[in-house]
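So the structure is just underneath, and the comments pick up after that.
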Amino acid sequence: MDYKKDLAERLPELKKIEGFPIGKDEDILALSQPPYYTACPNPYIKEFIEKNGKPYDANMDLYHRKPYTDDIDTNKNDKLTNAHSYHTKSPFHAIQQYIEHYTEPGDIVLDCFTGSGMTGIAAQKANRKAVLTDLSPIAGYLAFNYNHSIETSRFYTEATRILDEVRDEISWMLETKHKDGRSGVINSILYSEDFICPICSSNFTLWEYAVDSEKGVFNDPFECKSCGGKIKKGDCGKVMEKRYDKYLNSEIEQVKITPVEILYVIDKKRFKKKPDQFDLDLIAKISELTIPYSFPTDRMPVGGETRRNDKNGLTHVHHYFTQRNLYTLAAIISKIKEVNDEDIRSKLYIAVNSMFLRSSKKAILAINYYFNGGGGYIATISGNMYIASLFFEVEVLEQFETRIKKINEINRHNFNKQNTIVSTQSATDFSNVPDSSIDYIFVDPPFGENLMYSELNYLYEAWLKIATNNNDEAIMNKSQNKSISEYNSLMHTCFKNLFRVLKPNRWITIEYHNSKSAIWNGLQESITKAGFVIAHTSILKNKGGSFVINVSPNSVANDLMINAYKPSEKFIEKFTSSVGVNLEGDFIDLVLSNLPVQPMIERTEKM
């Protein structure tokens, strides 16, 4: 079958499924690799399950498992997990333990909030099959690429060709001069926003006034070198400047930024310097260029995160990148599009996609590392679209070379695309998944207002030309007019669908990460109203958490693992026919048979 042609013919019907992404048909088809991955609802899931699964037969069903009771201590900082810097990842080592406990080899596992696809990896390592779905196009695309490997030599051949071609084209943009006249290669440029003293109205760069280079600290308050007054950053206005945006064909106003320090390399030795006239002239020359490659110039969509930088004039996607980095990224992607092999092309795209944030103005200065000789002085804070007043313009080609090596880690594991099927759709509509066809479900859903996924993914998805349809995004979001009641309603619909597709007597594990009791209560209600019976909870201890988790006093360091089951078909039939009357004894027997054998671990009040 010509699956691409078949998918194109099915698109009108698939658009009726909730969560169909925002994008042109040709872009959706170009990104898709059916039957195993579609950048829209996947119509081949039933075919995948019929080929790989075991039909449910109540009369022949001998399945029984006690809940998985062990607390798991795991670490997210392994090479495979870190191949791509997606917002959140459940450690696949932990998921694998749950899968191996609740299923047999060859069984089918479902994750409808798949994110980067760690459940698929865990299933493949456990010799199971996986159905992976997500509302986000970039999540589905990443999950697909995470879950199939290609030949390393072919991957590196194309990557090296692209690196060489782009380096030849833009090498002049990376030149700087040493004090003895030798040429160096720019590694990164540190930029500072310009501010206005609230006392004397003089203009200054934050770097010049607030950073003590000798002590390696950021001072706030600090002294104005013009008037001598003690001032705080929060009391200072920002210098705004008008310029013509050739890509929007209009005048815009943005915060003035000044290059304050250049890091460069000569003969493998690193140096720092203050930008001189050669560097300033080069930056001006680059800014006057018209980039000859395609790149997104979309308006950032409505949202608390996507519009948080409007006040600084960062209103469109291309404003989040310097002209030099925008040129380099667009050139790399243009070369990737020329690759004939679809598998290699998608892997290369994921490599460049994985560095979008680090190549943007979100690359912040970690001062302690910067001045104390650490290599990790460039960082990005996940979970928001915050742009710091001191940020780095990194050298994109060096980043791409590093990301190629990271993405190649996937190829070392010999994952087979035929073991997973990936769909881009909402979990509120599983009309393309048959009843009682799934052997086990593992999900790590969005919890309340923890992360604004569709907003955070927009920088990724704008380059894909396919964006999240957030009508059914299960979050609390003022811009989407979703309070806790809307969130609970969406989650309840999701769990009802999961209950329908899970085989009777089987288990679902929900990874929970939130400190608010209202979210917890709503989650429990959504699970139980859907029909599941919660049997046990345990703890997943995540080492190597995010920056926010490690420093915030109110963050949740560990995840709660909720184990629930779908009652047997016989019990469900009796319950629905009698509306539960006179089934108290049957229900108690059902609960007791699914309780853990060992006593529950005693919990502290905090846990």
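By convention in this document, the chains of the structure tokens carry letters A, B, ... by their order, each chain's residues are numbered from 1, and ligands are numbered from 1 in the order they are shown.
Residues with any atom within 9 Å of Lys529 of chain A, counting only C-alpha atoms and excluding same-chain neighbours fewer than 6 positions away, are His492, Phe495 and Lys496 of chain A.
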Residues just named, written with N, CA and C atoms as a PDB file, in the first residue's frame:
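Okay, result_9.pdb is ready:
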```
ATOM      1  N   HIS A 492     -11.164  14.021  32.851  1.00  0.00           N
ATOM      2  CA  HIS A 492     -12.170  12.959  33.018  1.00  0.00           C
ATOM      3  C   HIS A 492     -12.474  12.300  31.666  1.00  0.00           C
ATOM      4  N   PHE A 495      -9.573   9.985  30.744  1.00  0.00           N
ATOM      5  CA  PHE A 495      -9.550   8.721  31.488  1.00  0.00           C
ATOM      6  C   PHE A 495     -10.718   7.812  31.094  1.00  0.00           C
ATOM      7  N   LYS A 496     -11.845   8.398  30.703  1.00  0.00           N
ATOM      8  CA  LYS A 496     -12.938   7.559  30.193  1.00  0.00           C
ATOM      9  C   LYS A 496     -12.497   6.828  28.930  1.00  0.00           C
TER      10      LYS A 496
END
```
Who sits within 9 Å of Val302 of chain A, only C-alpha atoms, same chain under 2 positions skipped, as a PDB file with N, CA, C and O atoms, in the first residue's frame:
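Saved result, part_17.pdb, follows:
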```
ATOM      1  N   MET A 300       3.960  35.447  17.590  1.00  0.00           N
ATOM      2  CA  MET A 300       3.813  34.550  18.734  1.00  0.00           C
ATOM      3  C   MET A 300       2.343  34.522  19.145  1.00  0.00           C
ATOM      4  O   MET A 300       1.695  35.577  19.236  1.00  0.00           O
ATOM      5  N   GLY A 304       0.259  33.482  28.087  1.00  0.00           N
ATOM      6  CA  GLY A 304       1.063  34.120  29.122  1.00  0.00           C
ATOM      7  C   GLY A 304       2.550  33.988  28.870  1.00  0.00           C
ATOM      8  O   GLY A 304       3.326  34.920  29.137  1.00  0.00           O
ATOM      9  N   GLU A 305       2.984  32.828  28.357  1.00  0.00           N
ATOM     10  CA  GLU A 305       4.401  32.622  28.057  1.00  0.00           C
ATOM     11  C   GLU A 305       4.759  33.141  26.664  1.00  0.00           C
ATOM     12  O   GLU A 305       5.779  33.824  26.498  1.00  0.00           O
ATOM     13  N   THR A 306       3.943  32.843  25.685  1.00  0.00           N
ATOM     14  CA  THR A 306       4.265  33.230  24.313  1.00  0.00           C
ATOM     15  C   THR A 306       4.248  34.741  24.098  1.00  0.00           C
ATOM     16  O   THR A 306       4.884  35.248  23.179  1.00  0.00           O
ATOM     17  N   ARG A 307       3.512  35.460  24.955  1.00  0.00           N
ATOM     18  CA  ARG A 307       3.454  36.916  24.805  1.00  0.00           C
ATOM     19  C   ARG A 307       4.172  37.645  25.953  1.00  0.00           C
ATOM     20  O   ARG A 307       4.077  38.873  26.055  1.00  0.00           O
ATOM     21  N   GLU A 455       2.241  26.473  24.403  1.00  0.00           N
ATOM     22  CA  GLU A 455       2.972  27.736  24.302  1.00  0.00           C
ATOM     23  C   GLU A 455       4.476  27.487  24.248  1.00  0.00           C
ATOM     24  O   GLU A 455       5.194  28.075  23.431  1.00  0.00           O
ATOM     25  N   SER A 479      -5.342  32.341  29.257  1.00  0.00           N
ATOM     26  CA  SER A 479      -5.478  32.736  27.859  1.00  0.00           C
ATOM     27  C   SER A 479      -6.446  31.834  27.112  1.00  0.00           C
ATOM     28  O   SER A 479      -7.111  32.259  26.165  1.00  0.00           O
ATOM     29  N   GLN A 480      -6.537  30.562  27.531  1.00  0.00           N
ATOM     30  CA  GLN A 480      -7.451  29.612  26.911  1.00  0.00           C
ATOM     31  C   GLN A 480      -8.779  29.537  27.661  1.00  0.00           C
ATOM     32  O   GLN A 480      -9.634  28.713  27.328  1.00  0.00           O
TER      33      GLN A 480
END
```
Q: Run DSSP on the backbone of this structure and report the residues of segment 10-131 of chain A it assigns to strand (DSSP E or B), as a PyMOL selection string.
A: chain A and resi 22-23+33+37+72-75+108-111+129-131
File of the preceding selection, all heavy atoms, as a CSV table (one decimal), in the first residue's frame:
```
chain,number,residue,atom,x,y,z
A,22,ILE,N,-2.8,22.3,13.7
A,22,ILE,CA,-3.0,23.5,12.8
A,22,ILE,C,-1.8,23.5,11.8
A,22,ILE,O,-0.6,23.6,12.2
A,22,ILE,CB,-3.0,24.7,13.7
A,22,ILE,CG1,-4.1,24.7,14.7
A,22,ILE,CG2,-3.1,26.0,12.8
A,22,ILE,CD1,-4.0,25.8,15.8
A,23,GLY,N,-2.1,23.4,10.6
A,23,GLY,CA,-1.1,23.4,9.5
A,23,GLY,C,-1.7,23.0,8.2
A,23,GLY,O,-2.8,22.5,8.1
A,33,GLN,N,5.4,9.8,8.4
A,33,GLN,CA,6.0,8.6,7.8
A,33,GLN,C,5.0,7.4,8.1
A,33,GLN,O,5.3,6.6,8.9
A,33,GLN,CB,7.4,8.3,8.4
A,33,GLN,CG,8.4,9.3,7.9
A,33,GLN,CD,9.8,8.9,8.3
A,33,GLN,OE1,10.2,7.7,8.2
A,33,GLN,NE2,10.6,9.8,8.7
A,37,TYR,N,4.1,6.6,11.8
A,37,TYR,CA,4.1,8.0,12.4
A,37,TYR,C,3.3,8.9,11.5
A,37,TYR,O,3.5,8.9,10.3
A,37,TYR,CB,5.5,8.6,12.6
A,37,TYR,CG,5.4,10.1,12.8
A,37,TYR,CD1,4.8,10.6,13.9
A,37,TYR,CD2,5.9,10.9,11.8
A,37,TYR,CE1,4.7,12.0,14.1
A,37,TYR,CE2,5.8,12.3,11.9
A,37,TYR,CZ,5.2,12.8,13.1
A,37,TYR,OH,5.1,14.2,13.2
A,72,ILE,N,10.8,3.6,43.4
A,72,ILE,CA,11.9,3.5,42.4
A,72,ILE,C,12.8,4.7,42.5
A,72,ILE,O,12.3,5.9,42.6
A,72,ILE,CB,11.4,3.4,41.0
A,72,ILE,CG1,10.5,2.1,40.8
A,72,ILE,CG2,12.5,3.4,40.0
A,72,ILE,CD1,9.9,1.9,39.4
A,73,ASP,N,14.1,4.5,42.6
A,73,ASP,CA,15.1,5.6,42.6
A,73,ASP,C,15.8,5.6,41.3
A,73,ASP,O,16.5,4.6,40.9
A,73,ASP,CB,16.1,5.2,43.8
A,73,ASP,CG,16.9,6.5,44.1
A,73,ASP,OD1,16.9,7.4,43.3
A,73,ASP,OD2,17.5,6.5,45.2
A,74,THR,N,15.6,6.6,40.5
A,74,THR,CA,16.1,6.6,39.1
A,74,THR,C,16.8,8.0,38.8
A,74,THR,O,16.6,8.9,39.6
A,74,THR,CB,15.0,6.3,38.1
A,74,THR,OG1,15.6,6.1,36.8
A,74,THR,CG2,14.0,7.4,38.0
A,75,ASN,N,17.5,8.0,37.7
A,75,ASN,CA,18.2,9.2,37.3
A,75,ASN,C,17.9,9.5,35.8
A,75,ASN,O,18.0,8.6,35.0
A,75,ASN,CB,19.7,9.0,37.5
A,75,ASN,CG,20.5,10.3,37.4
A,75,ASN,OD1,20.1,11.2,36.7
A,75,ASN,ND2,21.6,10.3,38.1
A,108,ILE,N,0.8,-4.9,24.2
A,108,ILE,CA,0.8,-3.6,23.7
A,108,ILE,C,0.5,-2.6,24.8
A,108,ILE,O,-0.4,-2.7,25.6
A,108,ILE,CB,-0.3,-3.4,22.6
A,108,ILE,CG1,0.0,-4.3,21.4
A,108,ILE,CG2,-0.5,-2.0,22.2
A,108,ILE,CD1,-1.0,-4.3,20.3
A,109,VAL,N,1.4,-1.6,24.9
A,109,VAL,CA,1.4,-0.6,25.9
A,109,VAL,C,0.9,0.7,25.3
A,109,VAL,O,1.3,1.0,24.1
A,109,VAL,CB,2.8,-0.4,26.5
A,109,VAL,CG1,2.8,0.8,27.6
A,109,VAL,CG2,3.3,-1.7,27.2
A,110,LEU,N,0.1,1.5,26.0
A,110,LEU,CA,-0.4,2.8,25.5
A,110,LEU,C,0.1,4.0,26.4
A,110,LEU,O,0.1,3.8,27.6
A,110,LEU,CB,-1.9,2.8,25.4
A,110,LEU,CG,-2.6,4.2,25.2
A,110,LEU,CD1,-2.3,4.7,23.8
A,110,LEU,CD2,-4.1,4.1,25.4
A,111,ASP,N,0.5,5.0,25.7
A,111,ASP,CA,0.8,6.3,26.4
A,111,ASP,C,0.2,7.4,25.6
A,111,ASP,O,0.7,7.7,24.5
A,111,ASP,CB,2.3,6.5,26.6
A,111,ASP,CG,2.6,7.8,27.4
A,111,ASP,OD1,1.7,8.6,27.7
A,111,ASP,OD2,3.8,7.9,27.8
A,129,LYS,N,5.2,-3.9,22.4
A,129,LYS,CA,4.9,-2.9,21.4
A,129,LYS,C,4.2,-1.7,22.1
A,129,LYS,O,3.8,-1.8,23.2
A,129,LYS,CB,3.9,-3.5,20.4
A,129,LYS,CG,4.3,-4.9,19.8
A,129,LYS,CD,5.5,-4.8,18.9
A,129,LYS,CE,5.8,-6.1,18.3
A,129,LYS,NZ,7.0,-6.1,17.4
A,130,ALA,N,4.2,-0.6,21.4
A,130,ALA,CA,3.7,0.6,22.0
A,130,ALA,C,2.9,1.5,21.1
A,130,ALA,O,3.2,1.6,19.9
A,130,ALA,CB,4.8,1.5,22.6
A,131,VAL,N,1.8,2.0,21.6
A,131,VAL,CA,1.0,3.0,20.9
A,131,VAL,C,1.2,4.3,21.6
A,131,VAL,O,0.9,4.4,22.8
A,131,VAL,CB,-0.5,2.7,20.9
A,131,VAL,CG1,-1.4,3.8,20.3
A,131,VAL,CG2,-0.8,1.3,20.2
```
Q. Quick one: of A:Asp276, A:Glu398, A:Glu569, A:Glu461, who's nearest to Ile138 of chain A, counting only C-alpha atoms?
A. A:Glu461
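Proximity to Asn471 of chain A was assessed for A:Phe442, A:Ser183, A:Ser188, A:Gln425 counting only C-alpha atoms; the smallest distance is recorded for A:Gln425.
The shell of residues at most 12 Å from Leu490 of chain A, with only C-alpha atoms counted and near chain neighbours (fewer than 5 positions) removed, consists of Glu18, Ser426, Ala427, Thr428, Asp429, Pro445, Pro446, Phe447, Gly448, Asn470, Asn471, Asp472, Glu473, Ala474, Ile475, Met476, Lys482, Ser483, Ile484, Ser485, Phe495, Lys496, Asn497, Gly522, Leu523, Ser526, Ile527 and Ala530 of chain A.
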Q) What lies within 12 Å of Pro434 of chain A using only C-alpha atoms, ignoring chain neighbours under 5 positions off, as a PyMOL selection string? A) chain A and resi 43-50+53+55-56+131+429+497-503
Could you write out that same residue set with N, CA and C atoms as a short mmCIF file (atom, residue, chain, number, x, y, z; two decimals), in the first residue's frame?
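The file below, out33.cif, is the result:
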```cif
data_model
loop_
_atom_site.label_atom_id
_atom_site.label_comp_id
_atom_site.auth_asym_id
_atom_site.auth_seq_id
_atom_site.Cartn_x
_atom_site.Cartn_y
_atom_site.Cartn_z
N PRO A 43 -4.61 6.82 11.34
CA PRO A 43 -5.71 5.91 11.03
C PRO A 43 -5.28 4.44 11.00
N TYR A 44 -3.99 4.18 11.28
CA TYR A 44 -3.48 2.81 11.16
C TYR A 44 -3.26 2.13 12.52
N ILE A 45 -3.77 2.75 13.60
CA ILE A 45 -3.59 2.17 14.93
C ILE A 45 -4.32 0.84 15.04
N LYS A 46 -5.54 0.77 14.54
CA LYS A 46 -6.29 -0.50 14.59
C LYS A 46 -5.55 -1.60 13.86
N GLU A 47 -5.02 -1.27 12.69
CA GLU A 47 -4.25 -2.23 11.90
C GLU A 47 -3.02 -2.70 12.69
N PHE A 48 -2.33 -1.77 13.37
CA PHE A 48 -1.15 -2.09 14.17
C PHE A 48 -1.50 -3.04 15.31
N ILE A 49 -2.62 -2.76 15.99
CA ILE A 49 -3.04 -3.60 17.12
C ILE A 49 -3.47 -4.98 16.64
N GLU A 50 -4.20 -5.05 15.54
CA GLU A 50 -4.63 -6.34 15.01
C GLU A 50 -3.44 -7.20 14.59
N GLY A 53 -1.22 -7.38 18.45
CA GLY A 53 -1.82 -7.66 19.74
C GLY A 53 -2.53 -9.00 19.81
N PRO A 55 -6.23 -10.52 20.78
CA PRO A 55 -7.62 -10.13 21.04
C PRO A 55 -8.06 -10.54 22.44
N TYR A 56 -8.87 -9.71 23.05
CA TYR A 56 -9.35 -10.03 24.39
C TYR A 56 -10.49 -11.04 24.33
N VAL A 131 1.75 2.01 21.57
CA VAL A 131 0.95 3.02 20.88
C VAL A 131 1.20 4.33 21.60
N ASP A 429 -10.28 12.15 22.34
CA ASP A 429 -10.95 11.46 21.23
C ASP A 429 -10.06 10.30 20.78
N ASN A 497 -11.78 7.52 28.06
CA ASN A 497 -11.28 6.89 26.84
C ASN A 497 -10.25 5.81 27.15
N LEU A 498 -9.39 6.08 28.12
CA LEU A 498 -8.39 5.09 28.51
C LEU A 498 -9.06 3.85 29.10
N PHE A 499 -10.11 4.06 29.87
CA PHE A 499 -10.85 2.94 30.45
C PHE A 499 -11.46 2.08 29.34
N ARG A 500 -11.98 2.73 28.32
CA ARG A 500 -12.62 1.98 27.23
C ARG A 500 -11.63 1.11 26.45
N VAL A 501 -10.43 1.65 26.16
CA VAL A 501 -9.50 0.91 25.31
C VAL A 501 -8.67 -0.11 26.07
N LEU A 502 -8.60 -0.01 27.39
CA LEU A 502 -7.83 -0.96 28.19
C LEU A 502 -8.61 -2.27 28.34
N LYS A 503 -7.91 -3.37 28.24
CA LYS A 503 -8.56 -4.67 28.45
C LYS A 503 -9.02 -4.78 29.90
#
```
Q: Please provide as a PyMOL selection string all residues within 10 Å of Glu13 of chain A, with the sequence filter that same-chain residues fewer than 3 positions apart are discarded (counting only C-alpha atoms).
A: chain A and resi 9-10+16-17+41+43
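Within 8 Å of Ile121 of chain A, once only C-alpha atoms are used and residues closer than 3 positions along the same chain are dropped, the contacting residues are Phe92, Gly117, Met118, Gln124, Lys125, Tyr146, Asn147 and Phe415 of chain A.
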Q) What are the DSSP helix (DSSP H, G or I) residues of segment 231-424 of chain A, as JSON, numbers by chain? A) {"A": [233, 234, 235, 277, 278, 279, 280, 281, 282, 283, 284, 285, 286, 287, 288, 310, 311, 312, 317, 318, 319, 320, 323, 324, 325, 326, 327, 328, 329, 330, 331, 332, 333, 334, 335, 336, 337, 342, 343, 344, 345, 346, 347, 348, 349, 350, 351, 352, 353, 367, 368, 369, 370, 371, 396, 397, 398, 399, 400, 401, 402, 403, 404, 405, 406, 407, 408, 409, 410, 411, 417, 418, 419]}
Quick one: everything within 9 Å of Thr38 of chain A, counting only C-alpha atoms, minus sequence neighbours fewer than 2 positions away in the same chain. Send it as a PDB file with N, CA, C and O atoms, in the first residue's frame.
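Final output, around-v2.pdb:
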```pdb
ATOM      1  N   LEU A   7      -2.969   8.150   3.270  1.00  0.00           N
ATOM      2  CA  LEU A   7      -3.144   9.147   4.329  1.00  0.00           C
ATOM      3  C   LEU A   7      -3.710  10.437   3.762  1.00  0.00           C
ATOM      4  O   LEU A   7      -4.601  11.054   4.370  1.00  0.00           O
ATOM      5  N   ILE A  28       1.763  18.572   6.773  1.00  0.00           N
ATOM      6  CA  ILE A  28       1.453  17.397   7.596  1.00  0.00           C
ATOM      7  C   ILE A  28       1.878  16.121   6.888  1.00  0.00           C
ATOM      8  O   ILE A  28       2.493  15.228   7.489  1.00  0.00           O
ATOM      9  N   LEU A  29       1.579  16.042   5.613  1.00  0.00           N
ATOM     10  CA  LEU A  29       1.958  14.853   4.837  1.00  0.00           C
ATOM     11  C   LEU A  29       3.471  14.747   4.685  1.00  0.00           C
ATOM     12  O   LEU A  29       4.037  13.650   4.742  1.00  0.00           O
ATOM     13  N   LEU A  31       5.768  15.699   6.743  1.00  0.00           N
ATOM     14  CA  LEU A  31       6.393  15.293   8.005  1.00  0.00           C
ATOM     15  C   LEU A  31       6.073  13.846   8.370  1.00  0.00           C
ATOM     16  O   LEU A  31       6.874  13.172   9.012  1.00  0.00           O
ATOM     17  N   SER A  32       4.922  13.367   7.961  1.00  0.00           N
ATOM     18  CA  SER A  32       4.457  12.027   8.348  1.00  0.00           C
ATOM     19  C   SER A  32       5.260  10.922   7.667  1.00  0.00           C
ATOM     20  O   SER A  32       5.735  11.084   6.544  1.00  0.00           O
ATOM     21  N   GLN A  33       5.389   9.808   8.362  1.00  0.00           N
ATOM     22  CA  GLN A  33       5.971   8.589   7.794  1.00  0.00           C
ATOM     23  C   GLN A  33       5.025   7.426   8.090  1.00  0.00           C
ATOM     24  O   GLN A  33       5.317   6.569   8.916  1.00  0.00           O
ATOM     25  N   PRO A  34       3.863   7.406   7.448  1.00  0.00           N
ATOM     26  CA  PRO A  34       2.885   6.361   7.727  1.00  0.00           C
ATOM     27  C   PRO A  34       3.394   4.989   7.259  1.00  0.00           C
ATOM     28  O   PRO A  34       4.217   4.914   6.348  1.00  0.00           O
ATOM     29  N   PRO A  35       2.950   3.912   7.920  1.00  0.00           N
ATOM     30  CA  PRO A  35       1.884   3.885   8.919  1.00  0.00           C
ATOM     31  C   PRO A  35       2.355   4.138  10.354  1.00  0.00           C
ATOM     32  O   PRO A  35       1.537   4.292  11.258  1.00  0.00           O
ATOM     33  N   TYR A  36       3.687   4.184  10.585  1.00  0.00           N
ATOM     34  CA  TYR A  36       4.176   4.187  11.963  1.00  0.00           C
ATOM     35  C   TYR A  36       4.199   5.565  12.611  1.00  0.00           C
ATOM     36  O   TYR A  36       4.286   5.664  13.830  1.00  0.00           O
ATOM     37  N   CYS A  40      -0.695  13.835  12.391  1.00  0.00           N
ATOM     38  CA  CYS A  40      -2.135  14.047  12.556  1.00  0.00           C
ATOM     39  C   CYS A  40      -2.675  12.761  13.199  1.00  0.00           C
ATOM     40  O   CYS A  40      -1.896  11.836  13.446  1.00  0.00           O
ATOM     41  N   PRO A  41      -3.972  12.667  13.494  1.00  0.00           N
ATOM     42  CA  PRO A  41      -4.495  11.396  14.022  1.00  0.00           C
ATOM     43  C   PRO A  41      -4.152  10.230  13.094  1.00  0.00           C
ATOM     44  O   PRO A  41      -4.340  10.314  11.878  1.00  0.00           O
ATOM     45  N   ASN A  42      -3.617   9.166  13.672  1.00  0.00           N
ATOM     46  CA  ASN A  42      -3.116   8.035  12.884  1.00  0.00           C
ATOM     47  C   ASN A  42      -4.236   7.029  12.611  1.00  0.00           C
ATOM     48  O   ASN A  42      -4.754   6.402  13.538  1.00  0.00           O
ATOM     49  N   PRO A  43      -4.611   6.825  11.339  1.00  0.00           N
ATOM     50  CA  PRO A  43      -5.707   5.910  11.026  1.00  0.00           C
ATOM     51  C   PRO A  43      -5.281   4.439  11.001  1.00  0.00           C
ATOM     52  O   PRO A  43      -6.113   3.566  10.746  1.00  0.00           O
ATOM     53  N   GLY A 140       5.034  14.337  19.115  1.00  0.00           N
ATOM     54  CA  GLY A 140       4.853  13.128  18.323  1.00  0.00           C
ATOM     55  C   GLY A 140       6.028  12.870  17.401  1.00  0.00           C
ATOM     56  O   GLY A 140       6.494  11.731  17.271  1.00  0.00           O
ATOM     57  N   TYR A 141       6.526  13.919  16.766  1.00  0.00           N
ATOM     58  CA  TYR A 141       7.664  13.791  15.849  1.00  0.00           C
ATOM     59  C   TYR A 141       8.908  13.335  16.605  1.00  0.00           C
ATOM     60  O   TYR A 141       9.667  12.475  16.146  1.00  0.00           O
ATOM     61  N   ILE A 421       3.797   2.786  17.166  1.00  0.00           N
ATOM     62  CA  ILE A 421       3.010   3.588  16.235  1.00  0.00           C
ATOM     63  C   ILE A 421       2.682   4.897  16.939  1.00  0.00           C
ATOM     64  O   ILE A 421       2.296   4.907  18.112  1.00  0.00           O
ATOM     65  N   VAL A 422       2.881   6.006  16.235  1.00  0.00           N
ATOM     66  CA  VAL A 422       2.772   7.338  16.844  1.00  0.00           C
ATOM     67  C   VAL A 422       1.676   8.134  16.145  1.00  0.00           C
ATOM     68  O   VAL A 422       1.593   8.157  14.916  1.00  0.00           O
ATOM     69  N   SER A 423       0.845   8.799  16.952  1.00  0.00           N
ATOM     70  CA  SER A 423      -0.285   9.570  16.433  1.00  0.00           C
ATOM     71  C   SER A 423      -0.309  10.946  17.075  1.00  0.00           C
ATOM     72  O   SER A 423      -0.021  11.099  18.269  1.00  0.00           O
ATOM     73  N   THR A 424      -0.665  11.967  16.292  1.00  0.00           N
ATOM     74  CA  THR A 424      -0.794  13.339  16.793  1.00  0.00           C
ATOM     75  C   THR A 424      -2.276  13.645  16.963  1.00  0.00           C
ATOM     76  O   THR A 424      -2.984  13.908  15.983  1.00  0.00           O
TER      77      THR A 424
END
```
Q) Of the candidates A:Ser116, A:Asn408, A:Thr315, A:Thr103, which one gets nearest to Tyr440 of chain A if we count only C-alpha atoms? A) A:Thr103
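Separating atom CA of Thr133 of chain A from atom CA of Gly115 of chain A is a distance of 8.4 Å.
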